[in-house]
$ cat my_file.pdb   # PDB, C-alpha atoms and all ligand atoms
ATOM      1  CA  MET I   7     -12.730 -29.097 -18.515  1.00  0.00           C
ATOM      2  CA  LEU I   8     -10.144 -26.402 -19.203  1.00  0.00           C
ATOM      3  CA  SER I   9      -6.666 -27.896 -19.009  1.00  0.00           C
ATOM      4  CA  GLU I  10      -5.648 -24.838 -16.968  1.00  0.00           C
ATOM      5  CA  ILE I  11      -8.096 -25.821 -14.214  1.00  0.00           C
ATOM      6  CA  GLN I  12      -6.869 -29.390 -14.314  1.00  0.00           C
ATOM      7  CA  ASN I  13      -3.153 -28.601 -14.361  1.00  0.00           C
ATOM      8  CA  ARG I  14      -2.813 -25.578 -12.063  1.00  0.00           C
ATOM      9  CA  ARG I  15      -0.801 -26.206  -8.910  1.00  0.00           C
ATOM     10  CA  SER I  16       0.400 -23.937  -6.155  1.00  0.00           C
ATOM     11  CA  ILE I  17       4.085 -23.548  -6.996  1.00  0.00           C
ATOM     12  CA  ARG I  18       6.635 -22.823  -4.276  1.00  0.00           C
ATOM     13  CA  LYS I  19       9.828 -23.079  -6.317  1.00  0.00           C
ATOM     14  CA  TYR I  20      10.429 -20.846  -9.331  1.00  0.00           C
ATOM     15  CA  LYS I  21      13.110 -20.583 -12.023  1.00  0.00           C
ATOM     16  CA  ASN I  22      15.456 -17.614 -11.848  1.00  0.00           C
ATOM     17  CA  LYS I  23      13.845 -16.085 -14.921  1.00  0.00           C
ATOM     18  CA  ASP I  24      12.035 -12.760 -15.277  1.00  0.00           C
ATOM     19  CA  VAL I  25       8.396 -12.640 -16.291  1.00  0.00           C
ATOM     20  CA  GLU I  26       7.689 -10.624 -19.435  1.00  0.00           C
ATOM     21  CA  LYS I  27       5.885  -7.339 -18.705  1.00  0.00           C
ATOM     22  CA  GLU I  28       3.350  -8.126 -21.433  1.00  0.00           C
ATOM     23  CA  LYS I  29       2.421 -11.376 -19.665  1.00  0.00           C
ATOM     24  CA  ILE I  30       2.015  -9.607 -16.322  1.00  0.00           C
ATOM     25  CA  LEU I  31      -0.377  -7.176 -18.006  1.00  0.00           C
ATOM     26  CA  GLN I  32      -2.318 -10.030 -19.640  1.00  0.00           C
ATOM     27  CA  ILE I  33      -2.639 -11.724 -16.256  1.00  0.00           C
ATOM     28  CA  ILE I  34      -3.936  -8.590 -14.556  1.00  0.00           C
ATOM     29  CA  ASP I  35      -6.263  -7.959 -17.495  1.00  0.00           C
ATOM     30  CA  SER I  36      -7.880 -11.330 -16.782  1.00  0.00           C
ATOM     31  CA  ALA I  37      -8.674 -10.047 -13.284  1.00  0.00           C
ATOM     32  CA  ARG I  38     -10.176  -6.904 -14.757  1.00  0.00           C
ATOM     33  CA  LEU I  39     -12.685  -9.021 -16.680  1.00  0.00           C
ATOM     34  CA  SER I  40     -13.933 -11.018 -13.708  1.00  0.00           C
ATOM     35  CA  PRO I  41     -17.442 -10.671 -12.243  1.00  0.00           C
ATOM     36  CA  SER I  42     -18.230  -8.758  -9.044  1.00  0.00           C
ATOM     37  CA  GLY I  43     -21.330  -7.978  -7.014  1.00  0.00           C
ATOM     38  CA  SER I  44     -23.116  -4.980  -8.607  1.00  0.00           C
ATOM     39  CA  ASN I  45     -20.036  -4.720 -10.851  1.00  0.00           C
ATOM     40  CA  THR I  46     -18.213  -2.863  -8.070  1.00  0.00           C
ATOM     41  CA  GLN I  47     -14.763  -4.138  -9.158  1.00  0.00           C
ATOM     42  CA  PRO I  48     -13.081  -3.598  -5.788  1.00  0.00           C
ATOM     43  CA  TRP I  49      -9.711  -5.069  -6.843  1.00  0.00           C
ATOM     44  CA  ASN I  50      -6.367  -3.287  -7.143  1.00  0.00           C
ATOM     45  CA  PHE I  51      -2.988  -4.867  -7.798  1.00  0.00           C
ATOM     46  CA  ILE I  52       0.535  -3.868  -6.851  1.00  0.00           C
ATOM     47  CA  VAL I  53       3.242  -5.522  -8.949  1.00  0.00           C
ATOM     48  CA  ILE I  54       6.445  -6.095  -7.012  1.00  0.00           C
ATOM     49  CA  THR I  55       9.755  -7.124  -8.576  1.00  0.00           C
ATOM     50  CA  SER I  56      12.332  -5.377  -6.366  1.00  0.00           C
ATOM     51  CA  GLU I  57      14.280  -7.758  -4.166  1.00  0.00           C
ATOM     52  CA  THR I  58      14.125  -5.344  -1.237  1.00  0.00           C
ATOM     53  CA  MET I  59      10.348  -5.090  -1.369  1.00  0.00           C
ATOM     54  CA  LYS I  60       9.976  -8.833  -1.864  1.00  0.00           C
ATOM     55  CA  GLU I  61      12.124  -9.429   1.218  1.00  0.00           C
ATOM     56  CA  LYS I  62      10.016  -7.096   3.355  1.00  0.00           C
ATOM     57  CA  ILE I  63       6.766  -8.636   2.135  1.00  0.00           C
ATOM     58  CA  THR I  64       8.046 -12.178   2.651  1.00  0.00           C
ATOM     59  CA  TYR I  65       9.057 -11.288   6.194  1.00  0.00           C
ATOM     60  CA  ALA I  66       5.531  -9.971   6.893  1.00  0.00           C
ATOM     61  CA  ASP I  67       4.059 -13.091   5.252  1.00  0.00           C
ATOM     62  CA  HIS I  68       5.323 -15.416   7.979  1.00  0.00           C
ATOM     63  CA  SER I  69       8.845 -15.487   6.527  1.00  0.00           C
ATOM     64  CA  GLN I  70       7.858 -18.086   3.942  1.00  0.00           C
ATOM     65  CA  SER I  71      11.332 -18.138   2.442  1.00  0.00           C
ATOM     66  CA  TRP I  72      10.346 -20.060  -0.699  1.00  0.00           C
ATOM     67  CA  MET I  73       8.496 -16.895  -1.799  1.00  0.00           C
ATOM     68  CA  MET I  74      11.812 -15.229  -2.611  1.00  0.00           C
ATOM     69  CA  THR I  75      12.328 -17.661  -5.527  1.00  0.00           C
ATOM     70  CA  ALA I  76       9.407 -15.971  -7.327  1.00  0.00           C
ATOM     71  CA  PRO I  77      10.485 -13.091  -9.582  1.00  0.00           C
ATOM     72  CA  VAL I  78       7.139 -11.315  -9.195  1.00  0.00           C
ATOM     73  CA  PHE I  79       4.680 -10.745  -6.372  1.00  0.00           C
ATOM     74  CA  ILE I  80       1.225  -9.391  -7.089  1.00  0.00           C
ATOM     75  CA  VAL I  81      -0.280  -7.851  -3.969  1.00  0.00           C
ATOM     76  CA  CYS I  82      -4.051  -8.110  -4.350  1.00  0.00           C
ATOM     77  CA  VAL I  83      -5.908  -5.339  -2.564  1.00  0.00           C
ATOM     78  CA  ALA I  84      -9.668  -4.984  -2.123  1.00  0.00           C
ATOM     79  CA  ASP I  85     -11.118  -1.496  -1.721  1.00  0.00           C
ATOM     80  CA  ILE I  86     -14.151  -1.105   0.517  1.00  0.00           C
ATOM     81  CA  ARG I  87     -14.744   2.387  -0.911  1.00  0.00           C
ATOM     82  CA  CYS I  88     -16.601   0.682  -3.765  1.00  0.00           C
ATOM     83  CA  ARG I  89     -19.285   0.007  -1.164  1.00  0.00           C
ATOM     84  CA  ILE I  90     -18.839   2.552   1.635  1.00  0.00           C
ATOM     85  CA  ASP I  91     -18.582   6.335   1.177  1.00  0.00           C
ATOM     86  CA  SER I  92     -15.247   8.015   1.767  1.00  0.00           C
ATOM     87  CA  ASN I  93     -16.759  10.243   4.490  1.00  0.00           C
ATOM     88  CA  VAL I  94     -17.466   7.178   6.664  1.00  0.00           C
ATOM     89  CA  THR I  95     -14.467   6.286   8.790  1.00  0.00           C
ATOM     90  CA  ILE I  96     -13.597   2.638   8.567  1.00  0.00           C
ATOM     91  CA  TRP I  97     -10.831   0.390   9.824  1.00  0.00           C
ATOM     92  CA  LEU I  98     -10.380  -3.000   8.222  1.00  0.00           C
ATOM     93  CA  ASP I  99      -8.402  -5.804   9.697  1.00  0.00           C
ATOM     94  CA  GLU I 100      -8.758  -9.548  10.262  1.00  0.00           C
ATOM     95  CA  ASN I 101     -11.359  -8.934  13.000  1.00  0.00           C
ATOM     96  CA  SER I 102     -13.411  -6.311  11.210  1.00  0.00           C
ATOM     97  CA  PRO I 103     -17.160  -6.938  11.448  1.00  0.00           C
ATOM     98  CA  GLU I 104     -18.071  -4.941   8.315  1.00  0.00           C
ATOM     99  CA  PRO I 105     -20.311  -7.105   6.087  1.00  0.00           C
ATOM    100  CA  GLU I 106     -18.963  -5.245   3.043  1.00  0.00           C
ATOM    101  CA  LEU I 107     -15.562  -6.681   3.842  1.00  0.00           C
ATOM    102  CA  LYS I 108     -16.845 -10.140   2.939  1.00  0.00           C
ATOM    103  CA  GLN I 109     -18.165  -8.808  -0.321  1.00  0.00           C
ATOM    104  CA  ILE I 110     -14.956  -7.122  -1.412  1.00  0.00           C
ATOM    105  CA  ILE I 111     -12.925 -10.181  -0.416  1.00  0.00           C
ATOM    106  CA  ARG I 112     -15.332 -12.424  -2.332  1.00  0.00           C
ATOM    107  CA  ASP I 113     -15.085 -10.330  -5.478  1.00  0.00           C
ATOM    108  CA  THR I 114     -11.339  -9.815  -5.347  1.00  0.00           C
ATOM    109  CA  SER I 115     -10.811 -13.542  -4.787  1.00  0.00           C
ATOM    110  CA  ILE I 116     -12.655 -14.331  -8.009  1.00  0.00           C
ATOM    111  CA  ALA I 117     -10.348 -11.915  -9.821  1.00  0.00           C
ATOM    112  CA  ILE I 118      -7.274 -13.484  -8.224  1.00  0.00           C
ATOM    113  CA  GLU I 119      -8.271 -16.932  -9.392  1.00  0.00           C
ATOM    114  CA  HIS I 120      -8.777 -15.578 -12.913  1.00  0.00           C
ATOM    115  CA  MET I 121      -5.143 -14.471 -12.728  1.00  0.00           C
ATOM    116  CA  CYS I 122      -4.019 -17.928 -11.579  1.00  0.00           C
ATOM    117  CA  LEU I 123      -5.703 -19.557 -14.569  1.00  0.00           C
ATOM    118  CA  GLN I 124      -4.471 -16.929 -17.041  1.00  0.00           C
ATOM    119  CA  ALA I 125      -0.933 -17.394 -15.680  1.00  0.00           C
ATOM    120  CA  GLU I 126      -1.258 -21.152 -16.182  1.00  0.00           C
ATOM    121  CA  HIS I 127      -2.441 -20.500 -19.743  1.00  0.00           C
ATOM    122  CA  LEU I 128       0.697 -18.427 -20.400  1.00  0.00           C
ATOM    123  CA  GLY I 129       3.006 -21.163 -19.071  1.00  0.00           C
ATOM    124  CA  LEU I 130       3.485 -19.417 -15.725  1.00  0.00           C
ATOM    125  CA  SER I 131       2.695 -20.523 -12.177  1.00  0.00           C
ATOM    126  CA  THR I 132       1.347 -18.908  -9.048  1.00  0.00           C
ATOM    127  CA  CYS I 133       0.718 -19.472  -5.376  1.00  0.00           C
ATOM    128  CA  TRP I 134      -1.743 -17.651  -3.171  1.00  0.00           C
ATOM    129  CA  THR I 135      -0.182 -16.567   0.113  1.00  0.00           C
ATOM    130  CA  ALA I 136      -2.115 -15.021   2.960  1.00  0.00           C
ATOM    131  CA  TRP I 137      -0.150 -15.772   6.117  1.00  0.00           C
ATOM    132  CA  PHE I 138       0.149 -12.121   7.103  1.00  0.00           C
ATOM    133  CA  ASN I 139      -1.656  -9.515   9.151  1.00  0.00           C
ATOM    134  CA  GLN I 140      -2.914  -6.336   7.544  1.00  0.00           C
ATOM    135  CA  LYS I 141      -1.090  -4.219  10.104  1.00  0.00           C
ATOM    136  CA  ASP I 142       2.280  -5.697   9.111  1.00  0.00           C
ATOM    137  CA  LEU I 143       1.837  -5.549   5.349  1.00  0.00           C
ATOM    138  CA  ARG I 144       0.120  -2.181   4.926  1.00  0.00           C
ATOM    139  CA  PRO I 145       2.993   0.069   6.045  1.00  0.00           C
ATOM    140  CA  ILE I 146       5.481  -1.712   3.779  1.00  0.00           C
ATOM    141  CA  LEU I 147       3.365  -0.916   0.730  1.00  0.00           C
ATOM    142  CA  GLY I 148       1.738   2.346   1.844  1.00  0.00           C
ATOM    143  CA  ILE I 149      -1.725   0.772   1.686  1.00  0.00           C
ATOM    144  CA  PRO I 150      -4.417   2.887   3.421  1.00  0.00           C
ATOM    145  CA  GLU I 151      -6.427   1.457   6.290  1.00  0.00           C
ATOM    146  CA  ASP I 152      -9.654   1.321   4.281  1.00  0.00           C
ATOM    147  CA  LYS I 153      -8.134  -1.232   1.906  1.00  0.00           C
ATOM    148  CA  TYR I 154      -7.758  -4.964   2.563  1.00  0.00           C
ATOM    149  CA  VAL I 155      -4.964  -7.159   1.243  1.00  0.00           C
ATOM    150  CA  CYS I 156      -6.569 -10.441   0.143  1.00  0.00           C
ATOM    151  CA  CYS I 157      -3.371 -12.180  -0.847  1.00  0.00           C
ATOM    152  CA  VAL I 158       0.153 -11.846  -2.086  1.00  0.00           C
ATOM    153  CA  LEU I 159       0.271 -13.900  -5.257  1.00  0.00           C
ATOM    154  CA  THR I 160       3.664 -15.243  -6.260  1.00  0.00           C
ATOM    155  CA  LEU I 161       4.256 -15.468  -9.999  1.00  0.00           C
ATOM    156  CA  GLY I 162       6.989 -16.992 -12.130  1.00  0.00           C
ATOM    157  CA  TYR I 163       8.155 -19.936 -14.201  1.00  0.00           C
ATOM    158  CA  ASN I 164       7.878 -23.131 -12.189  1.00  0.00           C
ATOM    159  CA  ASP I 165      10.904 -25.106 -11.120  1.00  0.00           C
ATOM    160  CA  GLU I 166       8.940 -28.005  -9.653  1.00  0.00           C
ATOM    161  CA  LEU I 167       6.085 -30.203 -10.853  1.00  0.00           C
ATOM    162  CA  PRO I 168       3.989 -31.224  -7.854  1.00  0.00           C
ATOM    163  CA  LYS I 169       1.359 -33.913  -8.207  1.00  0.00           C
ATOM    164  CA  GLN I 170      -2.263 -32.923  -7.894  1.00  0.00           C
ATOM    165  CA  ARG I 171      -3.044 -32.262  -4.237  1.00  0.00           C
ATOM    166  CA  PRO I 172      -5.893 -34.247  -2.710  1.00  0.00           C
ATOM    167  CA  ARG I 173      -9.431 -33.003  -3.072  1.00  0.00           C
ATOM    168  CA  ARG I 174     -12.641 -34.119  -1.425  1.00  0.00           C
ATOM    169  CA  PRO I 175     -14.672 -36.401  -3.693  1.00  0.00           C
ATOM    170  CA  LEU I 176     -17.467 -34.867  -5.724  1.00  0.00           C
ATOM    171  CA  ASN I 177     -20.213 -36.833  -3.999  1.00  0.00           C
ATOM    172  CA  GLU I 178     -19.139 -35.405  -0.654  1.00  0.00           C
ATOM    173  CA  LEU I 179     -19.550 -31.784  -1.796  1.00  0.00           C
ATOM    174  CA  ILE I 180     -22.856 -31.945  -3.546  1.00  0.00           C
ATOM    175  CA  ARG I 181     -26.287 -31.786  -2.025  1.00  0.00           C
ATOM    176  CA  TYR I 182     -29.461 -31.514  -4.018  1.00  0.00           C
ATOM    177  CA  GLU I 183     -32.365 -29.189  -3.332  1.00  0.00           C
ATOM    178  CA  LYS I 184     -31.428 -28.557   0.333  1.00  0.00           C
ATOM    179  CA  TRP I 185     -28.573 -28.912   2.859  1.00  0.00           C
TER     180      TRP I 185
HETATM  181  C1  LIG Y 201      -6.646 -18.053   0.527  1.00  0.00           C
HETATM  182  C2  LIG Y 201      -5.437 -18.918   0.352  1.00  0.00           C
HETATM  183  C3  LIG Y 201      -4.321 -18.703   1.126  1.00  0.00           C
HETATM  184  C4  LIG Y 201      -3.162 -19.479   0.937  1.00  0.00           C
HETATM  185  N1  LIG Y 201      -2.045 -19.153   1.656  1.00  0.00           N
HETATM  186  C5  LIG Y 201      -0.915 -19.875   1.443  1.00  0.00           C
HETATM  187  C6  LIG Y 201       0.299 -19.493   2.103  1.00  0.00           C
HETATM  188  O1  LIG Y 201       0.362 -18.519   2.852  1.00  0.00           O
HETATM  189  N2  LIG Y 201       1.394 -20.243   1.865  1.00  0.00           N
HETATM  190  C7  LIG Y 201       1.391 -21.316   1.006  1.00  0.00           C
HETATM  191  O2  LIG Y 201       2.435 -21.943   0.832  1.00  0.00           O
HETATM  192  N3  LIG Y 201       0.258 -21.682   0.354  1.00  0.00           N
HETATM  193  C8  LIG Y 201      -0.890 -20.983   0.538  1.00  0.00           C
HETATM  194  N4  LIG Y 201      -2.025 -21.310  -0.155  1.00  0.00           N
HETATM  195  C9  LIG Y 201      -2.004 -22.429  -1.144  1.00  0.00           C
HETATM  196  C10 LIG Y 201      -2.750 -23.672  -0.642  1.00  0.00           C
HETATM  197  O3  LIG Y 201      -1.954 -24.302   0.341  1.00  0.00           O
HETATM  198  C11 LIG Y 201      -3.041 -24.611  -1.837  1.00  0.00           C
HETATM  199  O4  LIG Y 201      -3.921 -23.971  -2.712  1.00  0.00           O
HETATM  200  C12 LIG Y 201      -3.636 -25.945  -1.411  1.00  0.00           C
HETATM  201  O5  LIG Y 201      -2.734 -26.681  -0.616  1.00  0.00           O
HETATM  202  C13 LIG Y 201      -4.028 -26.821  -2.611  1.00  0.00           C
HETATM  203  O6  LIG Y 201      -2.921 -27.011  -3.452  1.00  0.00           O
HETATM  204  P1  LIG Y 201      -2.996 -26.630  -5.010  1.00  0.00           P
HETATM  205  O7  LIG Y 201      -3.273 -25.153  -5.108  1.00  0.00           O
HETATM  206  O8  LIG Y 201      -1.663 -26.992  -5.607  1.00  0.00           O
HETATM  207  O9  LIG Y 201      -4.104 -27.436  -5.621  1.00  0.00           O
HETATM  208  C14 LIG Y 201      -3.171 -20.538   0.003  1.00  0.00           C
HETATM  209  C15 LIG Y 201      -4.313 -20.751  -0.779  1.00  0.00           C
HETATM  210  C16 LIG Y 201      -5.429 -19.955  -0.628  1.00  0.00           C
HETATM  211  C17 LIG Y 201      -6.619 -20.176  -1.529  1.00  0.00           C
END
$ encode --input "my_file.pdb" --output "structure tokens"
Amino acid sequence: MLSEIQNRRSIRKYKNKDVEKEKILQIIDSARLSPSGSNTQPWNFIVITSETMKEKITYADHSQSWMMTAPVFIVCVADIRCRIDSNVTIWLDENSPEPELKQIIRDTSIAIEHMCLQAEHLGLSTCWTAWFNQKDLRPILGIPEDKYVCCVLTLGYNDELPKQRPRRPLNELIRYEKW
């Protein structure tokens, strides 16, 4: 097993140390290489380092104050226009029934996890956060209503070493041939 898969943890306390631009680009490049249904590549990423923007995003993300210790946020945005024409009006939020929404979230989530593992490989740490509503986050970042924010990923050098969090045992997850 890749040591990155084994060792990755969600980190909620970061060192006060900037992340090298080159590493941020390497991390986002790992997302670029991830698979997606029909190769639609619905992902887009907004890199945030300004304290003012981080404060506004943290506030919208349920005021999870630990987030402010991270020097970088990567806002991970899925674009439904990879699947639905621009002349069709669409509104995406947490209650949206569009089946394509599931597909763009699925694909963007794969890309996000690539970034988590690439960050781990580069000696960095991450944490998915998704305790926000689209309507609160979109105006802060100028994100149009036909885009969906899948997560705000915190990124930085870890300042804590949590133990592995519990997981369900393998034999409980696996079924063979049918449910
Ligand atoms: C979709 C998603 C949303 C999450 N949202 C949050 C969040 O808002 N705040 C937080 O502290 N952790 C969040 N997490 C992190 C989980 O709590 C964490 O992955 C889980 O407890 C397992 O811990 P581990 O990642 O260290 O193995 C989220 C994880 C995922 C995958």
$ axis_aligned_box --input "my_file.pdb" --around "ligand LIG 201 (chain Y)" --padding-each-side "3 Å" --output "JSON"
{"center_x": -2.1, "center_y": -22.7, "center_z": -1.4, "size_x": 15.1, "size_y": 15.4, "size_z": 14.5}
$ resolve_selection --input "my_file.pdb" --expression "the PyMOL selection byres (((chain I and resi 138) around 10) and not hetatm)" --output "ChimeraX atom specification"
/I:63-69,100,135-137,139-143,155-158
$ resolve_selection --input "my_file.pdb" --expression "the PyMOL selection byres (((not hetatm)) within 12 of (chain Y and resi 201))" --output "PyMOL selection string"
chain I and resi 10-19+63-73+82+111-112+114-116+118-119+122-123+126+131-139+155-160+166-174
$ write_last_selection --input "my_file.pdb" --atoms "C-alpha atoms" --output "compact mmCIF listing (two decimals), keeping the file's coordinate frame"
# COMPACT_ATOMS: atom_id res chain seq x y z
CA GLU I 10 -5.65 -24.84 -16.97
CA ILE I 11 -8.10 -25.82 -14.21
CA GLN I 12 -6.87 -29.39 -14.31
CA ASN I 13 -3.15 -28.60 -14.36
CA ARG I 14 -2.81 -25.58 -12.06
CA ARG I 15 -0.80 -26.21 -8.91
CA SER I 16 0.40 -23.94 -6.16
CA ILE I 17 4.08 -23.55 -7.00
CA ARG I 18 6.64 -22.82 -4.28
CA LYS I 19 9.83 -23.08 -6.32
CA ILE I 63 6.77 -8.64 2.13
CA THR I 64 8.05 -12.18 2.65
CA TYR I 65 9.06 -11.29 6.19
CA ALA I 66 5.53 -9.97 6.89
CA ASP I 67 4.06 -13.09 5.25
CA HIS I 68 5.32 -15.42 7.98
CA SER I 69 8.85 -15.49 6.53
CA GLN I 70 7.86 -18.09 3.94
CA SER I 71 11.33 -18.14 2.44
CA TRP I 72 10.35 -20.06 -0.70
CA MET I 73 8.50 -16.90 -1.80
CA CYS I 82 -4.05 -8.11 -4.35
CA ILE I 111 -12.92 -10.18 -0.42
CA ARG I 112 -15.33 -12.42 -2.33
CA THR I 114 -11.34 -9.82 -5.35
CA SER I 115 -10.81 -13.54 -4.79
CA ILE I 116 -12.66 -14.33 -8.01
CA ILE I 118 -7.27 -13.48 -8.22
CA GLU I 119 -8.27 -16.93 -9.39
CA CYS I 122 -4.02 -17.93 -11.58
CA LEU I 123 -5.70 -19.56 -14.57
CA GLU I 126 -1.26 -21.15 -16.18
CA SER I 131 2.70 -20.52 -12.18
CA THR I 132 1.35 -18.91 -9.05
CA CYS I 133 0.72 -19.47 -5.38
CA TRP I 134 -1.74 -17.65 -3.17
CA THR I 135 -0.18 -16.57 0.11
CA ALA I 136 -2.12 -15.02 2.96
CA TRP I 137 -0.15 -15.77 6.12
CA PHE I 138 0.15 -12.12 7.10
CA ASN I 139 -1.66 -9.52 9.15
CA VAL I 155 -4.96 -7.16 1.24
CA CYS I 156 -6.57 -10.44 0.14
CA CYS I 157 -3.37 -12.18 -0.85
CA VAL I 158 0.15 -11.85 -2.09
CA LEU I 159 0.27 -13.90 -5.26
CA THR I 160 3.66 -15.24 -6.26
CA GLU I 166 8.94 -28.00 -9.65
CA LEU I 167 6.08 -30.20 -10.85
CA PRO I 168 3.99 -31.22 -7.85
CA LYS I 169 1.36 -33.91 -8.21
CA GLN I 170 -2.26 -32.92 -7.89
CA ARG I 171 -3.04 -32.26 -4.24
CA PRO I 172 -5.89 -34.25 -2.71
CA ARG I 173 -9.43 -33.00 -3.07
CA ARG I 174 -12.64 -34.12 -1.42
$ atom_distance --input "my_file.pdb" --atom1 "atom CA of I:Ser40" --atom2 "atom CA of I:Lys60"
26.8 Å
$ closest_residue --input "my_file.pdb" --among "I:Asp165, I:Ile96, I:His120, I:Ile80" --to "I:Asp35" --atoms "all atoms listed in the file"
I:His120
$ closest_residue --input "my_file.pdb" --among "I:Gly148, I:Gly162, I:Pro41, I:Pro77" --to "I:Gly129" --atoms "all atoms listed in the file"
I:Gly162
$ closest_residue --input "my_file.pdb" --among "I:Tyr154, I:Tyr182, I:Asn22, I:Glu106" --to "I:Asp91" --atoms "only C-alpha atoms"
I:Glu106
$ closest_residue --input "my_file.pdb" --among "I:Val25, I:Val78, I:Met7, I:Leu179" --to "I:Leu128" --atoms "only C-alpha atoms"
I:Val25
$ build_atoms --input "my_file.pdb" --residues "stretch 20-35 of chain I" --atoms "N, CA and C atoms" --output "CSV table (one decimal), in the frame of the given file"
chain,number,residue,atom,x,y,z
I,20,TYR,N,10.5,-21.5,-8.0
I,20,TYR,CA,10.4,-20.8,-9.3
I,20,TYR,C,11.8,-20.8,-9.9
I,21,LYS,N,11.8,-20.8,-11.3
I,21,LYS,CA,13.1,-20.6,-12.0
I,21,LYS,C,13.6,-19.1,-11.9
I,22,ASN,N,14.9,-19.0,-11.9
I,22,ASN,CA,15.5,-17.6,-11.8
I,22,ASN,C,15.3,-17.0,-13.2
I,23,LYS,N,14.1,-16.6,-13.6
I,23,LYS,CA,13.8,-16.1,-14.9
I,23,LYS,C,12.8,-15.0,-14.8
I,24,ASP,N,13.0,-13.9,-15.4
I,24,ASP,CA,12.0,-12.8,-15.3
I,24,ASP,C,10.8,-13.1,-16.0
I,25,VAL,N,9.7,-12.5,-15.6
I,25,VAL,CA,8.4,-12.6,-16.3
I,25,VAL,C,8.2,-11.4,-17.2
I,26,GLU,N,7.9,-11.7,-18.5
I,26,GLU,CA,7.7,-10.6,-19.4
I,26,GLU,C,6.6,-9.7,-19.0
I,27,LYS,N,6.9,-8.3,-19.1
I,27,LYS,CA,5.9,-7.3,-18.7
I,27,LYS,C,4.5,-7.5,-19.4
I,28,GLU,N,4.6,-7.9,-20.7
I,28,GLU,CA,3.4,-8.1,-21.4
I,28,GLU,C,2.5,-9.2,-20.8
I,29,LYS,N,3.2,-10.3,-20.3
I,29,LYS,CA,2.4,-11.4,-19.7
I,29,LYS,C,1.8,-10.9,-18.3
I,30,ILE,N,2.6,-10.1,-17.6
I,30,ILE,CA,2.0,-9.6,-16.3
I,30,ILE,C,0.7,-8.8,-16.6
I,31,LEU,N,0.8,-8.0,-17.7
I,31,LEU,CA,-0.4,-7.2,-18.0
I,31,LEU,C,-1.5,-8.1,-18.5
I,32,GLN,N,-1.2,-9.1,-19.2
I,32,GLN,CA,-2.3,-10.0,-19.6
I,32,GLN,C,-3.0,-10.7,-18.4
I,33,ILE,N,-2.1,-11.1,-17.5
I,33,ILE,CA,-2.6,-11.7,-16.3
I,33,ILE,C,-3.5,-10.8,-15.5
I,34,ILE,N,-3.1,-9.5,-15.3
I,34,ILE,CA,-3.9,-8.6,-14.6
I,34,ILE,C,-5.2,-8.2,-15.4
I,35,ASP,N,-5.1,-8.2,-16.7
I,35,ASP,CA,-6.3,-8.0,-17.5
I,35,ASP,C,-7.3,-9.0,-17.3
